[in-house]
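J.: Just one file: upload00.cif, with mmCIF, C-alpha atoms; chains and numbers go by the auth columns.
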```
data_structure
#
loop_
_atom_site.group_PDB
_atom_site.id
_atom_site.type_symbol
_atom_site.label_atom_id
_atom_site.label_comp_id
_atom_site.label_asym_id
_atom_site.label_seq_id
_atom_site.Cartn_x
_atom_site.Cartn_y
_atom_site.Cartn_z
_atom_site.B_iso_or_equiv
_atom_site.auth_seq_id
_atom_site.auth_asym_id
ATOM 1 C CA MET A 1 -11.595 82.595 69.294 0.00 1 A
ATOM 2 C CA ASN A 2 -11.726 79.635 71.663 0.00 2 A
ATOM 3 C CA ALA A 3 -10.357 79.297 75.194 0.00 3 A
ATOM 4 C CA TRP A 4 -7.057 77.887 73.920 0.00 4 A
ATOM 5 C CA LEU A 5 -6.367 80.888 71.759 0.00 5 A
ATOM 6 C CA VAL A 6 -7.438 83.239 74.565 0.00 6 A
ATOM 7 C CA THR A 7 -4.960 81.492 76.863 0.00 7 A
ATOM 8 C CA ALA A 8 -2.256 81.771 74.215 0.00 8 A
ATOM 9 C CA ALA A 9 -3.028 85.475 73.856 0.00 9 A
ATOM 10 C CA VAL A 10 -2.796 86.016 77.620 0.00 10 A
ATOM 11 C CA VAL A 11 0.516 84.154 77.799 0.00 11 A
ATOM 12 C CA ALA A 12 1.796 86.109 74.790 0.00 12 A
ATOM 13 C CA ALA A 13 0.765 89.346 76.497 0.00 13 A
ATOM 14 C CA ALA A 14 2.581 88.175 79.626 0.00 14 A
ATOM 15 C CA MET A 15 5.712 87.825 77.515 0.00 15 A
ATOM 16 C CA VAL A 16 5.838 91.553 76.760 0.00 16 A
ATOM 17 C CA PRO A 17 7.363 92.718 80.112 0.00 17 A
ATOM 18 C CA PRO A 18 10.150 90.087 80.041 0.00 18 A
ATOM 19 C CA THR A 19 10.879 91.085 76.447 0.00 19 A
ATOM 20 C CA VAL A 20 11.321 94.692 77.571 0.00 20 A
ATOM 21 C CA MET A 21 13.458 93.485 80.494 0.00 21 A
ATOM 22 C CA THR A 22 15.834 91.753 78.091 0.00 22 A
ATOM 23 C CA LEU A 23 16.519 95.156 76.541 0.00 23 A
ATOM 24 C CA ARG A 24 17.077 97.059 79.777 0.00 24 A
ATOM 25 C CA GLY A 25 18.891 96.651 83.075 0.00 25 A
ATOM 26 C CA SER A 26 21.919 94.602 84.080 0.00 26 A
ATOM 27 C CA VAL A 27 23.002 91.427 82.325 0.00 27 A
ATOM 28 C CA GLU A 28 21.749 89.416 85.301 0.00 28 A
ATOM 29 C CA GLN A 29 18.265 90.867 84.968 0.00 29 A
ATOM 30 C CA ARG A 30 18.352 90.245 81.239 0.00 30 A
ATOM 31 C CA LEU A 31 19.301 86.605 81.699 0.00 31 A
ATOM 32 C CA VAL A 32 16.454 86.024 84.145 0.00 32 A
ATOM 33 C CA ALA A 33 14.010 87.703 81.752 0.00 33 A
ATOM 34 C CA LEU A 34 15.290 85.524 78.916 0.00 34 A
ATOM 35 C CA GLN A 35 14.753 82.452 81.050 0.00 35 A
ATOM 36 C CA ALA A 36 11.164 83.486 81.756 0.00 36 A
ATOM 37 C CA LEU A 37 10.615 83.933 78.025 0.00 37 A
ATOM 38 C CA SER A 38 12.088 80.526 77.280 0.00 38 A
ATOM 39 C CA ILE A 39 9.517 78.948 79.592 0.00 39 A
ATOM 40 C CA LEU A 40 6.496 80.937 78.423 0.00 40 A
ATOM 41 C CA THR A 41 7.153 80.506 74.691 0.00 41 A
ATOM 42 C CA PRO A 42 6.549 76.714 74.516 0.00 42 A
ATOM 43 C CA VAL A 43 3.433 77.160 76.663 0.00 43 A
ATOM 44 C CA ALA A 44 2.026 79.713 74.222 0.00 44 A
ATOM 45 C CA LEU A 45 2.955 77.572 71.210 0.00 45 A
ATOM 46 C CA VAL A 46 1.214 74.476 72.579 0.00 46 A
ATOM 47 C CA ALA A 47 -1.907 76.510 73.358 0.00 47 A
ATOM 48 C CA VAL A 48 -1.904 77.914 69.816 0.00 48 A
ATOM 49 C CA ALA A 49 -1.380 74.427 68.378 0.00 49 A
ATOM 50 C CA VAL A 50 -4.436 72.984 70.098 0.00 50 A
ATOM 51 C CA GLY A 51 -6.540 76.110 69.588 0.00 51 A
ATOM 52 C CA ALA A 52 -5.756 76.363 65.880 0.00 52 A
ATOM 53 C CA GLY A 53 -5.750 72.614 65.310 0.00 53 A
ATOM 54 C CA ARG A 54 -2.214 72.608 63.903 0.00 54 A
ATOM 55 C CA SER A 55 -0.069 69.955 65.540 0.00 55 A
ATOM 56 C CA VAL A 56 3.062 71.230 63.811 0.00 56 A
ATOM 57 C CA TYR A 57 3.196 74.099 66.301 0.00 57 A
ATOM 58 C CA VAL A 58 3.801 71.553 69.072 0.00 58 A
ATOM 59 C CA ASP A 59 6.905 70.447 67.182 0.00 59 A
ATOM 60 C CA ALA A 60 8.053 74.052 67.235 0.00 60 A
ATOM 61 C CA ALA A 61 7.419 74.104 70.984 0.00 61 A
ATOM 62 C CA ILE A 62 9.578 71.004 71.492 0.00 62 A
ATOM 63 C CA VAL A 63 12.412 72.496 69.450 0.00 63 A
ATOM 64 C CA MET A 64 12.044 75.805 71.267 0.00 64 A
ATOM 65 C CA ALA A 65 12.204 74.131 74.684 0.00 65 A
ATOM 66 C CA LEU A 66 15.289 72.096 73.791 0.00 66 A
ATOM 67 C CA LEU A 67 17.174 74.944 72.143 0.00 67 A
ATOM 68 C CA SER A 68 16.334 77.474 74.837 0.00 68 A
ATOM 69 C CA PHE A 69 17.680 75.059 77.436 0.00 69 A
ATOM 70 C CA ALA A 70 20.993 74.733 75.621 0.00 70 A
ATOM 71 C CA GLY A 71 21.120 78.453 74.893 0.00 71 A
ATOM 72 C CA GLY A 72 20.279 79.373 78.476 0.00 72 A
ATOM 73 C CA LEU A 73 23.034 77.146 79.837 0.00 73 A
ATOM 74 C CA ALA A 74 25.548 78.614 77.398 0.00 74 A
ATOM 75 C CA TYR A 75 24.467 82.149 78.255 0.00 75 A
ATOM 76 C CA ALA A 76 24.730 81.430 81.995 0.00 76 A
ATOM 77 C CA ARG A 77 28.207 79.996 81.596 0.00 77 A
ATOM 78 C CA VAL A 78 29.398 82.930 79.493 0.00 78 A
ATOM 79 C CA LEU A 79 27.905 85.322 82.031 0.00 79 A
ATOM 80 C CA GLU A 80 29.649 83.443 84.827 0.00 80 A
ATOM 81 C CA ARG A 81 33.079 83.354 83.243 0.00 81 A
ATOM 82 C CA TRP A 82 33.585 86.315 80.974 0.00 82 A
ATOM 83 C CA LEU A 83 30.949 89.034 81.174 0.00 83 A
ATOM 84 C CA MET B 1 -14.804 71.856 75.744 0.00 84 B
ATOM 85 C CA SER B 2 -15.224 70.719 79.330 0.00 85 B
ATOM 86 C CA VAL B 3 -15.177 72.806 82.465 0.00 86 B
ATOM 87 C CA VAL B 4 -12.024 71.004 83.567 0.00 87 B
ATOM 88 C CA VAL B 5 -10.158 72.144 80.450 0.00 88 B
ATOM 89 C CA VAL B 6 -11.264 75.744 80.926 0.00 89 B
ATOM 90 C CA ALA B 7 -10.249 75.626 84.600 0.00 90 B
ATOM 91 C CA LEU B 8 -6.824 74.263 83.679 0.00 91 B
ATOM 92 C CA LEU B 9 -6.374 76.946 81.020 0.00 92 B
ATOM 93 C CA VAL B 10 -7.274 79.602 83.581 0.00 93 B
ATOM 94 C CA VAL B 11 -4.560 78.158 85.825 0.00 94 B
ATOM 95 C CA VAL B 12 -2.098 78.399 82.922 0.00 95 B
ATOM 96 C CA ALA B 13 -2.958 82.049 82.274 0.00 96 B
ATOM 97 C CA LEU B 14 -2.862 82.969 85.967 0.00 97 B
ATOM 98 C CA ALA B 15 0.481 81.218 86.471 0.00 98 B
ATOM 99 C CA ALA B 16 1.973 83.122 83.541 0.00 99 B
ATOM 100 C CA LEU B 17 0.636 86.420 84.857 0.00 100 B
ATOM 101 C CA LEU B 18 1.816 85.626 88.399 0.00 101 B
ATOM 102 C CA ALA B 19 5.303 84.798 87.187 0.00 102 B
ATOM 103 C CA VAL B 20 5.561 87.986 85.168 0.00 103 B
ATOM 104 C CA GLY B 21 4.088 89.996 88.048 0.00 104 B
ATOM 105 C CA GLY B 22 6.821 88.632 90.292 0.00 105 B
ATOM 106 C CA LEU B 23 9.427 89.623 87.734 0.00 106 B
ATOM 107 C CA LEU B 24 8.040 93.143 87.680 0.00 107 B
ATOM 108 C CA VAL B 25 7.703 93.558 91.444 0.00 108 B
ATOM 109 C CA MET B 26 11.063 92.152 92.530 0.00 109 B
ATOM 110 C CA ASP B 27 14.205 94.236 92.137 0.00 110 B
ATOM 111 C CA ASP B 28 17.000 91.725 92.521 0.00 111 B
ATOM 112 C CA ALA B 29 17.805 89.154 89.827 0.00 112 B
ATOM 113 C CA GLN B 30 17.992 86.342 92.393 0.00 113 B
ATOM 114 C CA ASP B 31 14.531 87.221 93.701 0.00 114 B
ATOM 115 C CA ARG B 32 13.139 87.385 90.186 0.00 115 B
ATOM 116 C CA LEU B 33 14.584 83.972 89.463 0.00 116 B
ATOM 117 C CA HIS B 34 12.201 82.365 91.937 0.00 117 B
ATOM 118 C CA TYR B 35 9.171 83.470 89.950 0.00 118 B
ATOM 119 C CA THR B 36 10.237 81.691 86.785 0.00 119 B
ATOM 120 C CA GLY B 37 9.641 78.496 88.724 0.00 120 B
ATOM 121 C CA VAL B 38 5.956 79.366 89.029 0.00 121 B
ATOM 122 C CA ALA B 39 5.586 79.349 85.259 0.00 122 B
ATOM 123 C CA THR B 40 7.744 76.255 84.930 0.00 123 B
ATOM 124 C CA ILE B 41 5.718 74.097 87.273 0.00 124 B
ATOM 125 C CA LEU B 42 2.164 75.463 87.368 0.00 125 B
ATOM 126 C CA ALA B 43 1.730 76.603 83.783 0.00 126 B
ATOM 127 C CA THR B 44 3.417 73.612 82.192 0.00 127 B
ATOM 128 C CA VAL B 45 1.697 70.937 84.264 0.00 128 B
ATOM 129 C CA ALA B 46 -1.716 72.579 83.888 0.00 129 B
ATOM 130 C CA LEU B 47 -1.258 73.007 80.138 0.00 130 B
ATOM 131 C CA VAL B 48 -0.203 69.409 79.551 0.00 131 B
ATOM 132 C CA ALA B 49 -3.112 68.193 81.676 0.00 132 B
ATOM 133 C CA ALA B 50 -5.499 70.390 79.689 0.00 133 B
ATOM 134 C CA VAL B 51 -4.190 69.019 76.389 0.00 134 B
ATOM 135 C CA VAL B 52 -4.548 65.414 77.561 0.00 135 B
ATOM 136 C CA VAL B 53 -8.098 66.040 78.805 0.00 136 B
ATOM 137 C CA GLU B 54 -9.055 67.882 75.612 0.00 137 B
ATOM 138 C CA VAL B 55 -7.665 65.618 72.900 0.00 138 B
ATOM 139 C CA GLY B 56 -7.181 62.319 74.751 0.00 139 B
ATOM 140 C CA VAL B 57 -4.438 59.913 73.790 0.00 140 B
ATOM 141 C CA SER B 58 -3.200 61.237 70.464 0.00 141 B
ATOM 142 C CA GLU B 59 -0.155 62.528 68.663 0.00 142 B
ATOM 143 C CA VAL B 60 -0.659 66.060 69.964 0.00 143 B
ATOM 144 C CA ALA B 61 -1.012 64.817 73.549 0.00 144 B
ATOM 145 C CA VAL B 62 2.211 62.813 73.326 0.00 145 B
ATOM 146 C CA LYS B 63 4.063 65.792 71.880 0.00 146 B
ATOM 147 C CA ALA B 64 2.637 68.056 74.576 0.00 147 B
ATOM 148 C CA LEU B 65 3.826 65.550 77.179 0.00 148 B
ATOM 149 C CA ALA B 66 7.268 65.711 75.588 0.00 149 B
ATOM 150 C CA VAL B 67 7.223 69.493 75.876 0.00 150 B
ATOM 151 C CA GLY B 68 6.193 69.186 79.515 0.00 151 B
ATOM 152 C CA VAL B 69 8.957 66.700 80.287 0.00 152 B
ATOM 153 C CA VAL B 70 11.588 68.861 78.599 0.00 153 B
ATOM 154 C CA VAL B 71 10.465 72.045 80.344 0.00 154 B
ATOM 155 C CA LEU B 72 10.051 70.378 83.748 0.00 155 B
ATOM 156 C CA THR B 73 13.490 68.775 83.626 0.00 156 B
ATOM 157 C CA SER B 74 15.398 71.630 82.038 0.00 157 B
ATOM 158 C CA GLY B 75 13.777 74.425 84.052 0.00 158 B
ATOM 159 C CA PRO B 76 15.322 73.610 87.455 0.00 159 B
ATOM 160 C CA VAL B 77 18.713 72.952 85.839 0.00 160 B
ATOM 161 C CA LEU B 78 18.585 76.290 84.076 0.00 161 B
ATOM 162 C CA ASN B 79 17.449 77.996 87.289 0.00 162 B
ATOM 163 C CA HIS B 80 20.390 76.521 89.162 0.00 163 B
ATOM 164 C CA ALA B 81 22.882 77.471 86.451 0.00 164 B
ATOM 165 C CA THR B 82 21.533 81.015 86.336 0.00 165 B
ATOM 166 C CA GLY B 83 21.586 81.407 90.103 0.00 166 B
ATOM 167 C CA ARG B 84 25.116 80.052 90.245 0.00 167 B
ATOM 168 C CA ALA B 85 26.238 82.420 87.502 0.00 168 B
ATOM 169 C CA ILE B 86 24.761 85.398 89.331 0.00 169 B
ATOM 170 C CA LEU B 87 26.364 84.369 92.641 0.00 170 B
ATOM 171 C CA THR B 88 29.724 83.811 90.955 0.00 171 B
ATOM 172 C CA ARG B 89 29.604 87.241 89.360 0.00 172 B
ATOM 173 C CA ARG B 90 28.923 88.822 92.728 0.00 173 B
ATOM 174 C CA HIS B 91 31.128 86.794 95.057 0.00 174 B
ATOM 175 C CA GLY B 92 33.768 85.185 92.845 0.00 175 B
ATOM 176 C CA ARG B 93 34.407 81.586 92.003 0.00 176 B
ATOM 177 C CA PRO B 94 33.595 78.871 94.549 0.00 177 B
ATOM 178 C CA ALA B 95 36.597 77.479 96.411 0.00 178 B
ATOM 179 C CA GLY B 96 38.267 74.630 94.538 0.00 179 B
ATOM 180 C CA ASP B 97 36.590 75.489 91.270 0.00 180 B
ATOM 181 C CA ASP B 98 39.379 76.249 88.809 0.00 181 B
ATOM 182 C CA TRP B 99 37.310 75.909 85.597 0.00 182 B
ATOM 183 C CA LYS B 100 39.644 73.289 84.156 0.00 183 B
ATOM 184 C CA VAL B 101 38.189 71.033 81.500 0.00 184 B
ATOM 185 C CA THR B 102 39.008 67.449 82.404 0.00 185 B
ATOM 186 C CA GLY B 103 38.936 64.274 80.359 0.00 186 B
#
```
Take the structure in this file and express it as structure tokens.
T.:
Amino acid sequence: MNAWLVTAAVVAAAMVPPTVMTLRGSVEQRLVALQALSILTPVALVAVAVGAGRSVYVDAAIVMALLSFAGGLAYARVLERWL
Amino acid sequence: MSVVVVALLVVVALAALLAVGGLLVMDDAQDRLHYTGVATILATVALVAAVVVEVGVSEVAVKALAVGVVVLTSGPVLNHATGRAILTRRHGRPAGDDWKVTG
């Protein structure tokens, strides 16, 4: 396991508490935890891509970053207006 | 693998841990929101720099730069939208904001 994969593992481990936070607490806390996850996920994917030598994982990171942005905005607006 | 790459990867890991530590320590959602910015800026910039140093100018580096640009531009927007949503839930709609869709 090289330094890239170790970094990806650390970032993935850091994603565990926000994942738990999305299941507990108020909707505001859950949204913030989801936002933290949406930032950490592309970071972990890029680290895995370089560490494993598979560039296709970077494509997944790009898609993840774009979709999580749109999803986060939609979630924030729904939270603001209706929840 | 150079020392610079390892140092940048350590920064990435520490930024992720710092951001999550802030989420765990803070109680209020608005306070927690600040710590997502740590991961957005520090972790993303350090990771993209590490990729560029490691692989040079290549397809992976360009894609990693694209990830960095997307995260760095969308992160603050998402932070603002989230903060605004939380404030609106707590204090009501801002004056003059009637939610009408125009155009």
J.: Find the residue from A:Ala44, A:Val32, A:Met15, A:Val10 that sits nearest to A:Gly72; use only C-alpha atoms when measuring.
T.: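 Using only C-alpha atoms, A:Gly72 sits closest to A:Val32.
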J.: Would you list the contacts of B:Lys146 as a PyMOL selection string, taking every protein, DNA or RNA residue within 10 Å and counting all atoms listed in the file, but skipping same-chain residues closer than 2 positions in sequence?
T.: (chain A and resi 46+55-56+58-59+61-62) or (chain B and resi 131+134+141-144+148-152)
J.: Quick one: which residues from chain A are at most 8 Å off chain B, using only C-alpha atoms, as a ChimeraX atom specification?
T.: /A:3-4,7,10-11,14-15,17-18,28-29,31-33,35-36,39-40,42-43,46-47,50,55,58-59,61-62,65-66,69,72-73,76-77,79-80
J.: Atom CA of A:Thr19 and atom CA of A:Met1, how far apart in Å?
T.: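 Separation between atom CA of A:Met1 and atom CA of A:Thr19: 25.1 Å.
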J.: What does the distance between atom CA of A:Val78 and atom CA of A:Met21 come to in Å, to one decimal place?
T.: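 Taking atom CA of A:Val78 as the start and atom CA of A:Met21 as the end point, the length is 19.1 Å.
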J.: Could you state the separation of atom CA of B:Gly139 and atom CA of A:Thr41 in Å, given to one decimal place?
T.: 23.2 Å
J.: Can you report as JSON the centre and edge lengths in Å, to one decimal, of an axis-aligned box around the listed atoms of stretch 101-113 of chain B padded with 5 Å on each side?
T.:
```
{"center_x": 9.9, "center_y": 89.5, "center_z": 88.8, "size_x": 26.2, "size_y": 19.4, "size_z": 17.4}
```
